Amino acid sequence: MFVHRVRDEAVAEARRVRCQYSEDLKFLRSWAAKPLTTGAVSPSGRSLARAMAAVVDPAWDGTVVELGPGTGAVTTALLERGVAPERLLAVEYNPEFAEHIRARFPGLRVKVGDAYEFADTLRHAGVANVAAVVSSLPLFTQPPLRRRHLLEQAMSALEPGRPFIQFSYALVPPLPAEAGRWTLDVSGWIVRNLPPARVWTYRKA
């Protein structure tokens, strides 16, 4: 019995490694083809994904909007956090990634669209009440005005105190805090991610 359990665990781990390798390869190919839209050369690691998901309270009313889910690392963390699949909307610009997310997470709402046109994309998806926004977008590949436009749209959709969660590898935030509009908190470095990253949490003032 012990031998069978060890064998089963080894098989499960081998499958997980093969799946991770396949997703890393998919991500790398997409980055090589479109580096400005993919941004990172590998998916977010578990520690980073969990740190982002930890900011979200599953009890909040409304839809949790995930921007740029990629191969689904943060999506997995949000579901493990307790966000029901029907309350999660994944907005993905890359149709190949969108199809991958649909196949990997049955029942999840996936919208192919432009996250930087946040208001229009949510209107087309039929979302009126936003609980939180969780973003893996490569914001630093975009001009500051476009980043600001996105954050302004997200803040208009969020209730006061609700978060817009973003990770980056940079020393400085994608946008600074702005008095009377939004606050900003930053996590410590998540060194188990490759490369190390931090989580920036904006909240509507």
# chains A, B, ... in the order shown; residues from 1 in each chain; ligands from 1
$ closest_atom_pairs --of "segment 49-122 of chain A" --to "segment 156-173 of chain A" --cutoff "9 Å" --atoms "only C-alpha atoms" --output "CSV"
residue,atom,partner,partner_atom,distance
A:Met52,CA,A:Ile165,CA,6.6
A:Ala53,CA,A:Ile165,CA,8.7
A:Val55,CA,A:Pro163,CA,7.7
A:Val56,CA,A:Pro163,CA,7.8
A:Ala119,CA,A:Ala157,CA,7.9
$ write_last_selection --atoms "N, CA, C and O atoms" --output "compact mmCIF listing (two decimals), in the first residue's frame"
# COMPACT_ATOMS: atom_id res chain seq x y z
N MET A 52 -1.01 37.95 -4.49
CA MET A 52 -1.99 38.80 -5.16
C MET A 52 -3.41 38.39 -4.77
O MET A 52 -4.25 39.24 -4.44
N ALA A 53 -3.68 37.11 -4.77
CA ALA A 53 -5.02 36.62 -4.43
C ALA A 53 -5.38 36.91 -2.98
O ALA A 53 -6.57 37.09 -2.66
N VAL A 55 -5.11 39.48 -1.30
CA VAL A 55 -5.70 40.81 -1.10
C VAL A 55 -7.21 40.78 -1.32
O VAL A 55 -7.94 41.65 -0.85
N VAL A 56 -7.69 39.79 -2.04
CA VAL A 56 -9.10 39.69 -2.40
C VAL A 56 -9.88 38.95 -1.31
O VAL A 56 -9.47 37.86 -0.89
N ALA A 119 -13.54 50.04 -19.29
CA ALA A 119 -14.98 50.30 -19.18
C ALA A 119 -15.75 49.63 -20.32
O ALA A 119 -16.77 48.97 -20.09
$ closest_residue --among "A:Val74, A:Val112, A:Ala154, A:Ala132" --to "Arg87 of chain A" --atoms "only C-alpha atoms"
A:Ala132
$ select_by_dssp --residues "segment 8-204 of chain A" --states "strand (DSSP E)" --output "JSON, numbers by chain"
{"A": [63, 64, 65, 66, 67, 88, 89, 90, 91, 92, 109, 110, 111, 112, 130, 131, 132, 133, 134, 135, 163, 164, 165, 166, 167, 168, 182, 183, 184, 185, 186, 198, 199, 200, 201, 202, 203, 204]}
$ residues_around --residues "Glu80 of chain A" --least-positions-apart "3" --cutoff "12 Å" --atoms "only C-alpha atoms" --output "ChimeraX atom specification"
/A:46,49-50,53-54,56-58,73-77,83-85
$ atom_distance --atom1 "atom CA of Phe118 of chain A" --atom2 "atom CA of Leu89 of chain A"
12.3 Å
$ residues_around --residues "Ser135 of chain A" --least-positions-apart "2" --cutoff "7 Å" --atoms "only C-alpha atoms" --output "compact mmCIF listing (two decimals) with N, CA and C atoms, in the first residue's frame"
# COMPACT_ATOMS: atom_id res chain seq x y z
N GLU A 66 -10.02 39.72 -13.54
CA GLU A 66 -8.60 39.44 -13.70
C GLU A 66 -8.15 39.90 -15.09
N LEU A 67 -7.16 40.75 -15.12
CA LEU A 67 -6.63 41.29 -16.38
C LEU A 67 -5.34 40.57 -16.74
N GLY A 68 -5.28 40.00 -17.94
CA GLY A 68 -4.08 39.33 -18.40
C GLY A 68 -3.80 38.04 -17.66
N VAL A 133 -10.04 44.21 -8.83
CA VAL A 133 -9.34 44.03 -10.10
C VAL A 133 -7.96 43.47 -9.79
N LEU A 137 -0.98 42.59 -16.09
CA LEU A 137 -0.60 43.29 -17.32
C LEU A 137 0.83 43.84 -17.21
N ILE A 165 -5.08 45.41 -7.94
CA ILE A 165 -3.88 44.70 -7.52
C ILE A 165 -3.00 44.45 -8.74
N GLN A 166 -1.74 44.85 -8.64
CA GLN A 166 -0.82 44.77 -9.77
C GLN A 166 0.54 44.30 -9.28
